[in-house]
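As stored in final01.tsv (TSV, C-alpha atoms and all ligand atoms):
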```tsv
chain	number	residue	atom	x	y	z
D	1	MET	CA	-18.29	31.59	-11.51
D	2	ALA	CA	-18.52	28.86	-8.86
D	3	GLU	CA	-15.48	28.16	-6.66
D	4	PRO	CA	-13.54	25.09	-7.87
D	5	ALA	CA	-14.20	22.07	-5.64
D	6	VAL	CA	-10.49	21.41	-5.26
D	7	ALA	CA	-7.26	23.35	-5.72
D	8	PRO	CA	-4.16	21.52	-6.98
D	9	ARG	CA	-0.65	22.23	-5.78
D	10	THR	CA	2.74	21.14	-7.00
D	11	VAL	CA	4.58	18.92	-4.53
D	12	ARG	CA	7.55	16.57	-4.47
D	13	LEU	CA	6.15	13.07	-4.25
D	14	ALA	CA	9.10	12.03	-2.06
D	15	ALA	CA	7.17	13.66	0.78
D	16	TYR	CA	4.19	11.39	0.10
D	17	THR	CA	6.00	8.06	-0.10
D	18	THR	CA	7.60	5.93	2.60
D	19	LEU	CA	10.73	5.37	0.47
D	20	LYS	CA	11.18	9.17	0.34
D	21	VAL	CA	12.17	9.39	-3.30
D	22	GLY	CA	10.25	10.85	-6.23
D	23	GLY	CA	9.97	14.15	-8.04
D	24	PRO	CA	7.24	16.71	-8.68
D	25	ALA	CA	3.60	16.26	-9.49
D	26	GLU	CA	0.36	18.16	-9.30
D	27	LEU	CA	-1.42	16.93	-6.19
D	28	TRP	CA	-5.20	17.07	-6.12
D	29	GLU	CA	-6.42	16.49	-2.60
D	30	VAL	CA	-10.15	15.82	-2.81
D	31	GLU	CA	-12.83	15.81	-0.14
D	32	ASP	CA	-15.97	14.85	-2.03
D	33	GLU	CA	-17.49	13.59	-5.25
D	34	ALA	CA	-17.39	17.02	-6.92
D	35	GLY	CA	-13.67	17.20	-6.15
D	36	LEU	CA	-13.15	13.73	-7.59
D	37	ARG	CA	-14.98	14.71	-10.74
D	38	GLU	CA	-12.87	17.82	-11.19
D	39	ALA	CA	-9.55	16.16	-10.37
D	40	THR	CA	-10.12	13.33	-12.81
D	41	ARG	CA	-10.87	15.51	-15.86
D	42	GLU	CA	-7.27	15.07	-17.04
D	43	PRO	CA	-5.11	11.90	-16.86
D	44	TYR	CA	-4.50	10.97	-13.23
D	45	ARG	CA	-3.08	8.47	-10.80
D	46	VAL	CA	-4.23	7.83	-7.26
D	47	ILE	CA	-1.98	7.73	-4.22
D	48	GLY	CA	-2.77	6.20	-0.85
D	49	GLY	CA	-0.17	5.96	1.89
D	50	GLY	CA	2.62	5.83	-0.73
D	51	SER	CA	4.03	2.72	0.93
D	52	ASN	CA	4.28	0.55	-2.19
D	53	LEU	CA	5.47	3.15	-4.68
D	54	LEU	CA	8.72	3.92	-6.45
D	55	VAL	CA	8.29	7.32	-8.08
D	56	ALA	CA	10.79	8.58	-10.68
D	57	ASP	CA	13.08	11.51	-9.87
D	58	ALA	CA	11.42	13.48	-12.67
D	59	GLY	CA	8.04	12.90	-11.01
D	60	VAL	CA	4.91	12.19	-13.03
D	61	VAL	CA	3.05	14.27	-15.59
D	62	GLU	CA	-0.38	12.96	-14.59
D	63	ARG	CA	-2.38	14.54	-11.81
D	64	VAL	CA	-2.02	12.72	-8.50
D	65	VAL	CA	-5.33	12.32	-6.69
D	66	ARG	CA	-5.25	11.88	-2.94
D	67	LEU	CA	-8.32	11.39	-0.77
D	68	GLY	CA	-8.48	13.99	1.99
D	69	ARG	CA	-9.62	13.99	5.60
D	70	SER	CA	-13.29	13.48	4.84
D	71	PHE	CA	-12.33	9.98	3.67
D	72	ASN	CA	-10.55	9.19	6.95
D	73	ASP	CA	-12.97	7.45	9.32
D	74	VAL	CA	-10.53	6.11	11.87
D	75	ARG	CA	-12.05	8.23	14.63
D	76	ALA	CA	-15.57	7.34	13.61
D	77	PHE	CA	-14.88	3.61	13.91
D	78	ASP	CA	-16.94	2.73	16.95
D	79	GLY	CA	-16.72	-1.03	17.06
D	80	ARG	CA	-19.53	-1.95	14.72
D	81	THR	CA	-18.89	-5.29	13.05
D	82	ASP	CA	-20.20	-4.36	9.61
D	83	VAL	CA	-18.99	-0.93	8.68
D	84	TRP	CA	-18.30	1.40	5.75
D	85	LEU	CA	-15.00	3.25	6.12
D	86	GLY	CA	-13.39	5.94	3.99
D	87	ALA	CA	-10.45	4.86	1.84
D	88	ALA	CA	-8.08	7.38	3.47
D	89	THR	CA	-8.46	5.65	6.84
D	90	PRO	CA	-4.97	4.62	8.01
D	91	LEU	CA	-4.68	0.89	8.51
D	92	PRO	CA	-2.45	1.01	11.63
D	93	GLY	CA	-5.05	3.06	13.54
D	94	LEU	CA	-7.86	0.84	12.36
D	95	VAL	CA	-6.06	-2.36	13.38
D	96	ARG	CA	-5.45	-0.90	16.84
D	97	ARG	CA	-9.04	0.28	17.30
D	98	ALA	CA	-10.47	-3.04	16.17
D	99	GLN	CA	-8.30	-4.78	18.76
D	100	LYS	CA	-9.52	-2.42	21.50
D	101	ALA	CA	-13.10	-3.11	20.47
D	102	GLY	CA	-12.45	-6.87	20.60
D	103	LEU	CA	-13.06	-7.34	16.88
D	104	SER	CA	-11.14	-9.85	14.85
D	105	GLY	CA	-10.25	-9.84	11.13
D	106	LEU	CA	-7.72	-7.05	10.71
D	107	GLU	CA	-4.98	-8.14	13.09
D	108	GLY	CA	-3.00	-9.94	10.37
D	109	LEU	CA	-2.45	-6.51	8.80
D	110	LEU	CA	-0.55	-5.21	11.81
D	111	GLY	CA	2.51	-3.31	10.60
D	112	VAL	CA	1.25	-2.50	7.09
D	113	PRO	CA	1.61	1.30	6.78
D	114	ALA	CA	-1.14	1.72	4.17
D	115	VAL	CA	-4.43	3.53	4.01
D	116	LEU	CA	-7.54	1.49	3.39
D	117	GLY	CA	-7.86	2.29	-0.34
D	118	GLY	CA	-4.27	1.30	-1.05
D	119	ALA	CA	-4.63	-1.84	1.03
D	120	VAL	CA	-7.70	-2.83	-1.01
D	121	ALA	CA	-6.00	-1.98	-4.32
D	122	MET	CA	-3.05	-4.23	-3.40
D	123	ASN	CA	-5.02	-6.76	-1.32
D	124	ALA	CA	-2.37	-6.13	1.32
D	125	GLY	CA	-1.65	-8.88	3.79
D	126	THR	CA	0.71	-11.17	5.58
D	127	ARG	CA	0.57	-14.89	6.07
D	128	PHE	CA	-1.62	-14.09	9.10
D	129	GLY	CA	-4.38	-12.53	7.05
D	130	GLU	CA	-5.16	-10.19	4.21
D	131	MET	CA	-7.58	-7.46	3.22
D	132	SER	CA	-9.86	-9.89	1.40
D	133	ASP	CA	-10.63	-11.67	4.71
D	134	THR	CA	-12.86	-8.80	5.85
D	135	LEU	CA	-13.67	-6.89	2.67
D	136	GLN	CA	-17.33	-7.19	1.65
D	137	GLU	CA	-17.89	-4.39	-0.79
D	138	VAL	CA	-16.22	-1.28	-2.17
D	139	GLU	CA	-17.43	2.08	-3.32
D	140	LEU	CA	-15.58	3.11	-6.46
D	141	PHE	CA	-15.37	6.41	-8.26
D	142	VAL	CA	-15.29	5.29	-11.86
D	143	GLY	CA	-16.36	6.91	-15.11
D	144	GLY	CA	-17.26	10.10	-13.26
D	145	ALA	CA	-19.66	8.51	-10.76
D	146	LEU	CA	-19.73	6.46	-7.58
D	147	GLU	CA	-20.76	2.81	-7.71
D	148	ARG	CA	-20.74	-0.11	-5.30
D	149	VAL	CA	-19.08	-3.39	-6.21
D	150	PRO	CA	-19.09	-6.62	-4.15
D	151	ALA	CA	-15.62	-7.77	-3.07
D	152	GLY	CA	-16.24	-11.06	-4.87
D	153	GLU	CA	-16.05	-9.20	-8.18
D	154	LEU	CA	-12.60	-7.72	-7.52
D	155	GLY	CA	-10.52	-10.81	-8.31
D	156	LEU	CA	-8.67	-10.55	-5.01
D	157	SER	CA	-5.65	-12.81	-4.66
D	158	TYR	CA	-2.10	-12.58	-3.26
D	159	ARG	CA	-1.14	-8.86	-3.47
D	160	HIS	CA	-3.60	-8.41	-6.32
D	161	ALA	CA	-6.96	-6.81	-7.06
D	162	GLU	CA	-8.64	-6.24	-10.40
D	163	LEU	CA	-10.14	-2.78	-10.21
D	164	PRO	CA	-11.86	-1.34	-13.27
D	165	GLU	CA	-9.56	0.92	-15.34
D	166	GLY	CA	-9.12	4.28	-13.60
D	167	ALA	CA	-11.24	3.32	-10.58
D	168	ILE	CA	-10.60	5.07	-7.28
D	169	VAL	CA	-11.62	3.18	-4.15
D	170	THR	CA	-13.45	5.77	-2.05
D	171	ARG	CA	-14.95	3.56	0.68
D	172	ALA	CA	-14.81	-0.04	1.76
D	173	ARG	CA	-17.28	-2.16	3.73
D	174	LEU	CA	-15.56	-4.47	6.17
D	175	LYS	CA	-17.10	-7.26	8.21
D	176	LEU	CA	-15.31	-8.05	11.45
D	177	THR	CA	-15.91	-10.93	13.83
D	178	PRO	CA	-16.70	-10.47	17.53
D	179	SER	CA	-13.84	-11.67	19.73
D	180	THR	CA	-12.12	-10.20	22.78
D	181	PRO	CA	-9.39	-7.55	23.02
D	182	GLU	CA	-7.15	-10.17	24.69
D	183	ALA	CA	-7.58	-12.79	21.97
D	184	VAL	CA	-7.01	-10.26	19.19
D	185	GLN	CA	-3.95	-8.93	21.02
D	186	ALA	CA	-2.54	-12.44	21.42
D	187	TYR	CA	-2.77	-12.96	17.66
D	188	MET	CA	-1.25	-9.52	17.04
D	189	ASP	CA	1.69	-10.50	19.22
D	190	GLN	CA	2.38	-13.39	16.84
D	191	VAL	CA	2.22	-11.10	13.82
D	192	ASP	CA	4.47	-8.62	15.58
D	193	ALA	CA	6.99	-11.36	16.38
D	194	ALA	CA	7.02	-12.47	12.74
D	195	ARG	CA	7.77	-8.90	11.67
D	196	ALA	CA	10.32	-8.18	14.36
D	197	GLY	CA	13.22	-8.86	11.99
D	198	GLN	CA	12.05	-6.40	9.35
D	199	PRO	CA	14.11	-3.24	8.90
D	200	LYS	CA	13.01	0.07	10.39
D	201	LEU	CA	14.69	2.43	7.89
D	202	LYS	CA	12.87	4.07	4.97
D	203	SER	CA	11.54	1.50	2.50
D	204	ALA	CA	8.49	0.52	0.50
D	205	GLY	CA	8.19	-2.90	2.13
D	206	CYS	CA	9.07	-5.94	0.06
D	207	ALA	CA	10.22	-5.04	-3.44
D	208	PHE	CA	9.25	-8.38	-5.01
D	209	LYS	CA	6.32	-10.73	-4.68
D	210	ASN	CA	7.16	-14.11	-3.27
D	211	PRO	CA	7.43	-16.91	-5.84
D	212	PRO	CA	4.87	-19.63	-5.02
D	213	GLY	CA	5.81	-21.36	-1.77
D	214	GLU	CA	9.04	-19.37	-1.34
D	215	SER	CA	10.29	-16.20	0.30
D	216	ALA	CA	11.95	-13.85	-2.20
D	217	GLY	CA	13.80	-12.35	0.76
D	218	ARG	CA	15.25	-15.71	1.71
D	219	LEU	CA	16.33	-16.41	-1.88
D	220	ILE	CA	18.02	-13.00	-2.16
D	221	ASP	CA	19.70	-13.68	1.19
D	222	VAL	CA	20.97	-17.10	0.08
D	223	ALA	CA	22.29	-15.48	-3.12
D	224	GLY	CA	24.46	-13.24	-0.94
D	225	LEU	CA	22.95	-9.98	-2.12
D	226	LYS	CA	22.28	-8.35	1.26
D	227	GLY	CA	24.20	-5.14	1.68
D	228	ARG	CA	24.41	-4.63	-2.11
D	229	ARG	CA	24.31	-0.87	-2.81
D	230	VAL	CA	23.73	1.62	-5.57
D	231	GLY	CA	24.31	5.08	-4.15
D	232	ASP	CA	22.27	5.32	-0.96
D	233	ALA	CA	19.95	2.47	-1.94
D	234	MET	CA	20.80	-0.78	-0.19
D	235	VAL	CA	19.45	-4.32	0.10
D	236	ALA	CA	18.67	-4.58	3.82
D	237	PHE	CA	20.76	-6.85	6.00
D	238	GLU	CA	17.69	-7.63	8.12
D	239	HIS	CA	15.56	-8.91	5.20
D	240	GLY	CA	16.68	-9.51	1.63
D	241	ASN	CA	13.43	-8.32	0.04
D	242	PHE	CA	13.61	-4.82	1.56
D	243	VAL	CA	15.46	-2.11	-0.33
D	244	LEU	CA	16.32	0.78	1.95
D	245	ASN	CA	16.91	4.45	1.33
D	246	LEU	CA	19.88	5.16	3.58
D	247	GLY	CA	19.27	8.88	3.27
D	248	ALA	CA	20.09	10.40	-0.09
D	249	ALA	CA	19.01	7.65	-2.51
D	250	THR	CA	17.47	8.73	-5.78
D	251	ALA	CA	14.74	6.81	-7.56
D	252	ALA	CA	17.32	5.98	-10.25
D	253	ASP	CA	19.57	4.40	-7.58
D	254	VAL	CA	16.70	2.36	-6.19
D	255	LEU	CA	15.57	1.13	-9.60
D	256	ALA	CA	19.13	0.29	-10.67
D	257	LEU	CA	19.59	-1.77	-7.50
D	258	VAL	CA	16.30	-3.58	-7.91
D	259	GLU	CA	17.17	-4.39	-11.54
D	260	GLU	CA	20.59	-5.64	-10.45
D	261	VAL	CA	19.02	-7.95	-7.88
D	262	ARG	CA	16.48	-9.17	-10.40
D	263	ALA	CA	19.21	-9.89	-12.98
D	264	GLU	CA	21.37	-11.73	-10.42
D	265	MET	CA	18.40	-13.82	-9.35
D	266	ARG	CA	17.47	-14.55	-12.96
D	267	SER	CA	21.01	-15.83	-13.56
D	268	ARG	CA	20.31	-18.28	-10.73
D	269	GLY	CA	17.07	-19.40	-12.32
D	270	VAL	CA	14.73	-17.34	-10.10
D	271	GLU	CA	12.30	-15.00	-11.85
D	272	LEU	CA	11.13	-12.24	-9.49
D	273	GLU	CA	8.10	-10.05	-10.09
D	274	LEU	CA	8.03	-6.56	-8.61
D	275	GLU	CA	5.42	-5.95	-5.92
D	276	TRP	CA	6.07	-2.19	-5.98
D	277	ARG	CA	4.21	0.06	-8.37
D	278	LEU	CA	6.57	2.11	-10.55
D	279	TRP	CA	5.47	5.62	-11.43
D	280	GLY	CA	7.01	7.80	-14.12
D	281	PHE	CA	9.63	5.39	-15.49
D	301	LIG	P1	0.13	3.33	-2.33
D	301	LIG	O1	1.50	2.83	-2.14
D	301	LIG	O2	-0.12	4.78	-2.26
D	301	LIG	O3	-0.42	2.80	-3.75
D	301	LIG	C1	-0.24	1.44	-4.13
D	301	LIG	C2	-1.11	1.17	-5.36
D	301	LIG	O4	-2.48	1.25	-4.98
D	301	LIG	C3	-0.92	2.19	-6.49
D	301	LIG	O5	-1.07	1.51	-7.71
D	301	LIG	C4	-2.07	3.16	-6.28
D	301	LIG	O6	-2.45	3.82	-7.46
D	301	LIG	C5	-3.15	2.23	-5.77
D	301	LIG	N1	-4.11	2.93	-4.91
D	301	LIG	C6	-3.85	3.57	-3.74
D	301	LIG	N2	-4.98	4.08	-3.23
D	301	LIG	C7	-5.98	3.75	-4.08
D	301	LIG	C8	-7.37	4.01	-4.11
D	301	LIG	N3	-8.00	4.70	-3.15
D	301	LIG	N4	-8.09	3.54	-5.18
D	301	LIG	C9	-7.49	2.83	-6.17
D	301	LIG	N5	-6.17	2.55	-6.18
D	301	LIG	C10	-5.43	3.02	-5.16
D	301	LIG	N6	2.32	-4.88	2.11
D	301	LIG	C11	1.73	-6.06	2.41
D	301	LIG	O7	0.85	-6.51	1.68
D	301	LIG	N7	2.10	-6.75	3.53
D	301	LIG	C12	3.04	-6.31	4.39
D	301	LIG	O8	3.34	-6.97	5.37
D	301	LIG	C13	3.66	-5.05	4.11
D	301	LIG	N8	4.60	-4.54	4.94
D	301	LIG	C14	5.14	-3.32	4.66
D	301	LIG	C15	6.05	-2.78	5.56
D	301	LIG	C16	6.62	-1.53	5.32
D	301	LIG	C17	7.60	-0.96	6.30
D	301	LIG	C18	6.25	-0.79	4.15
D	301	LIG	C19	6.84	0.56	3.88
D	301	LIG	C20	5.35	-1.34	3.25
D	301	LIG	C21	4.79	-2.61	3.50
D	301	LIG	N9	3.87	-3.18	2.61
D	301	LIG	C22	3.26	-4.37	2.92
D	301	LIG	C23	3.56	-2.53	1.33
D	301	LIG	C24	2.36	-1.56	1.34
D	301	LIG	O9	2.08	-1.11	2.66
D	301	LIG	C25	1.12	-2.21	0.73
D	301	LIG	O10	1.34	-2.57	-0.63
D	301	LIG	C26	-0.11	-1.30	0.77
D	301	LIG	O11	-1.23	-1.99	0.29
D	301	LIG	C27	0.06	-0.01	-0.02
D	301	LIG	O12	-0.98	0.87	0.38
D	301	LIG	P2	-0.84	2.43	0.24
D	301	LIG	O13	-2.10	3.04	0.77
D	301	LIG	O14	0.43	2.92	0.79
D	301	LIG	O15	-0.87	2.55	-1.36
D	302	LIG	N1	14.33	-15.27	5.44
D	302	LIG	C1	15.69	-15.40	5.35
D	302	LIG	N2	16.41	-14.30	4.96
D	302	LIG	C2	15.82	-13.11	4.64
D	302	LIG	C3	14.43	-13.01	4.71
D	302	LIG	C4	13.69	-14.12	5.13
D	302	LIG	O1	16.25	-16.45	5.61
D	302	LIG	O2	16.54	-12.17	4.30
D	302	LIG	C5	13.56	-16.45	5.90
D	302	LIG	C6	12.94	-16.20	7.28
D	302	LIG	O3	13.86	-16.52	8.30
D	302	LIG	C7	11.74	-17.12	7.24
D	302	LIG	C8	11.31	-17.11	5.76
D	302	LIG	O4	12.47	-16.69	5.02
D	302	LIG	O5	12.10	-18.41	7.59
D	302	LIG	C9	10.12	-16.20	5.49
D	302	LIG	O6	10.45	-14.87	5.88
D	302	LIG	P1	9.36	-13.83	6.40
D	302	LIG	O7	8.60	-14.42	7.53
D	302	LIG	O8	10.02	-12.52	6.59
D	302	LIG	O9	8.31	-13.75	5.21
D	302	LIG	P2	8.49	-13.31	3.73
D	302	LIG	O10	7.80	-14.34	2.91
D	302	LIG	O11	9.90	-12.99	3.37
D	302	LIG	C10	6.24	-12.03	3.69
D	302	LIG	C11	5.71	-10.80	3.03
D	302	LIG	C12	5.87	-9.58	3.92
D	302	LIG	C13	5.20	-9.83	5.25
D	302	LIG	C14	5.85	-11.06	5.88
D	302	LIG	C15	5.22	-11.43	7.22
D	302	LIG	C16	5.87	-10.90	0.61
D	302	LIG	C17	6.65	-10.50	-0.60
D	302	LIG	N3	6.40	-10.54	1.77
D	302	LIG	O12	7.65	-11.94	3.71
D	302	LIG	O13	5.17	-8.51	3.27
D	302	LIG	O14	5.33	-8.70	6.09
D	302	LIG	O15	5.69	-12.17	5.00
D	302	LIG	O16	4.05	-12.12	7.01
D	302	LIG	O17	4.82	-11.52	0.49
D	302	LIG	C18	5.36	-6.70	1.74
D	302	LIG	O18	4.60	-7.32	1.00
D	302	LIG	O19	5.77	-5.55	1.45
D	302	LIG	C19	5.80	-7.33	2.98
D	302	LIG	C20	6.69	-6.76	3.78
```
What would the structure in this file look like if it were written as structure tokens?
Amino acid sequence: MAEPAVAPRTVRLAAYTTLKVGGPAELWEVEDEAGLREATREPYRVIGGGSNLLVADAGVVERVVRLGRSFNDVRAFDGRTDVWLGAATPLPGLVRRAQKAGLSGLEGLLGVPAVLGGAVAMNAGTRFGEMSDTLQEVELFVGGALERVPAGELGLSYRHAELPEGAIVTRARLKLTPSTPEAVQAYMDQVDAARAGQPKLKSAGCAFKNPPGESAGRLIDVAGLKGRRVGDAMVAFEHGNFVLNLGAATAADVLALVEEVRAEMRSRGVELELEWRLWGF
């Protein structure tokens, strides 16, 4: 019998998320199309950098598919302006390399600890720029095969993309604009300054999307909810939309805190929508 293309292992998802909570799952790390086909034979989810996920303490029953090293092209990025990159390419490295090559388009994403696939799936961004600014086309693994889809068909908007059901982004084609390392760096300095107040402890970034024209963090701040705690989960003092894991938080603590904040804000007439993806609840 042929060797399986991929071997699963049981892991604690806490180790694969930036919030560092979450229980067990079967992790299928895949390196090619055959691996994708095998891993997706049973119900599955796909994980990128785990920087927008709250995973339940009991973990998830579905397989968790993760793209392996062969989908990481950060070292192969040589300064071409129109380039296909693997979806496991870490955004921070890419942003830095684009700056060094004097290419503009990604610098607004400075400080987003995603991999490319997750950044596409969330249309990650800041007010200085988002993934959709450079994204031209994606390669998706969907229905057991790879297909290419123009970015214009992905319904990209604020923290939102409409991927076909079950689709895994495997590659993305980005188009960058020639500039100079100095000009790109100057813009990155502005982005960096805007992020300087964000907390450094373990988090999954902003918990809630901003209501139109407002900052959820500011509203939570004004409501006096900073420092609110459930167990080791705490609303950050630095920014009201960040929920931190002070060390030993469980997913149940984090969710209870987020629900408390949401209820308090609702009682003040503010409806907040979660930006995080919840797994296993
Ligand atoms: P994950 O968290 O692993 O997954 C997020 C979602 O994308 C899940 O639904 C997952 O199934 C799906 N997904 C992941 N990979 C793929 C794939 N290959 N194909 C299909 N679906 C996939 N976000 C911003 O937009 N702006 C910010 O400024 C920002 N700042 C942050 C700062 C910190 C300190 C942290 C921890 C997070 C921040 N975030 C920010 C949130 C997060 O980085 C983004 O939401 C990012 O897009 C998540 O990417 P990821 O690779 O970590 O995806
Ligand atoms: N503010 C407060 N108190 C707070 C937080 C913010 O008064 O606790 C004020 C700030 O002083 C500022 C305004 O609110 O005047 C806006 O704050 P900020 O610049 O931090 O922007 P934001 O709208 O709160 C958004 C994104 C962040 C992104 C930053 C920088 C969302 C939900 N959040 O935050 O994205 O990094 O802008 O561009 O869109 C994320 O999505 O995970 C994330 C971190």
Surrounding residues as a ChimeraX atom specification, ligand LIG 301 (chain D), max 7 Å, only C-alpha atoms and all ligand atoms | /D:18,45-53,87,109,111-126,159,167-170,200,203-206,277
Restricting to all atoms listed in the file, whichever of D:Leu244, D:Ala193, D:Ala5, D:Ala14 is closest to D:Ala56 is D:Ala14
Give the residues close to ligand LIG 302 (chain D), within 9 Å, counting all atoms listed in the file; write them as an MDAnalysis selection string.
-> chainID D and resid 51:52 108:112 124:129 158:159 191:192 194:198 204:211 213:222 226 236:242 275:276
Using all atoms listed in the file, which of the listed residues (D:Pro92, D:Gly86, D:Pro43, D:Gly102) sits closest to D:Ala172?
-> D:Gly86
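When atom CA of D:Thr250 is paired with atom CA of D:Val64, their separation reads 20.1 Å.
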Given the choices D:Asn245, D:Ser70, D:Thr81, D:Ser267, which gets closest to D:Ala223 if the distance is worked out from all atoms listed in the file?
-> D:Ser267
Atom CA of D:Arg66 to atom CA of D:Ala88, distance in Å rounded to a single decimal = 8.3 Å
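In this model, the gap between atom CA of D:Ser157 and atom CA of D:Glu139 comes to 19.0 Å.
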Got a sec: who's within 12 Å of D:Glu107, counting only C-alpha atoms, leaving out chain neighbours fewer than 5 positions off, as a ChimeraX atom specification?
-> /D:91-100,102,112,125-131,133-134,176-177,179,181-192
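Distances from D:Asp82, D:Ala39, D:Ala58, D:Ala7 to D:Pro24 were compared using all atoms listed in the file, and the smallest one belongs to D:Ala58.
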Please provide as a ChimeraX atom specification all residues within 12 Å of D:Glu137, with the sequence filter that same-chain residues fewer than 4 positions apart are discarded (counting all atoms listed in the file).
-> /D:82-85,120,131-133,147-154,156,169-175
Find the spatial neighbours of D:Ala248, counting all atoms listed in the file, within a cut-off of 12 Å - ignore same-chain residues fewer than 4 positions away - and output them as a list of chain:residue names.
-> D:Ala14, D:Leu19, D:Lys20, D:Val21, D:Gly22, D:Lys202, D:Val230, D:Gly231, D:Asp232, D:Ala233, D:Met234, D:Leu244, D:Ala252, D:Asp253, D:Val254
With all atoms listed in the file counted, which protein, DNA or RNA residues have an atom no more than 6 Å from (15.4, -12.1, -7.3) in the file frame? Please answer as a PyMOL selection string.
-> chain D and resi 220+261-262+265+270+272
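The shortest atom-to-atom distance to D:Gly247, with all atoms listed in the file taken into account, belongs to D:Leu201 out of D:Glu260, D:Leu201, D:Arg9, D:Glu42.
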Within 10 Å of (6.4, 20.5, -2.4), in the coordinates the file gives, what residues turn up when you count all atoms listed in the file, written out as a count of residues only?
-> 13
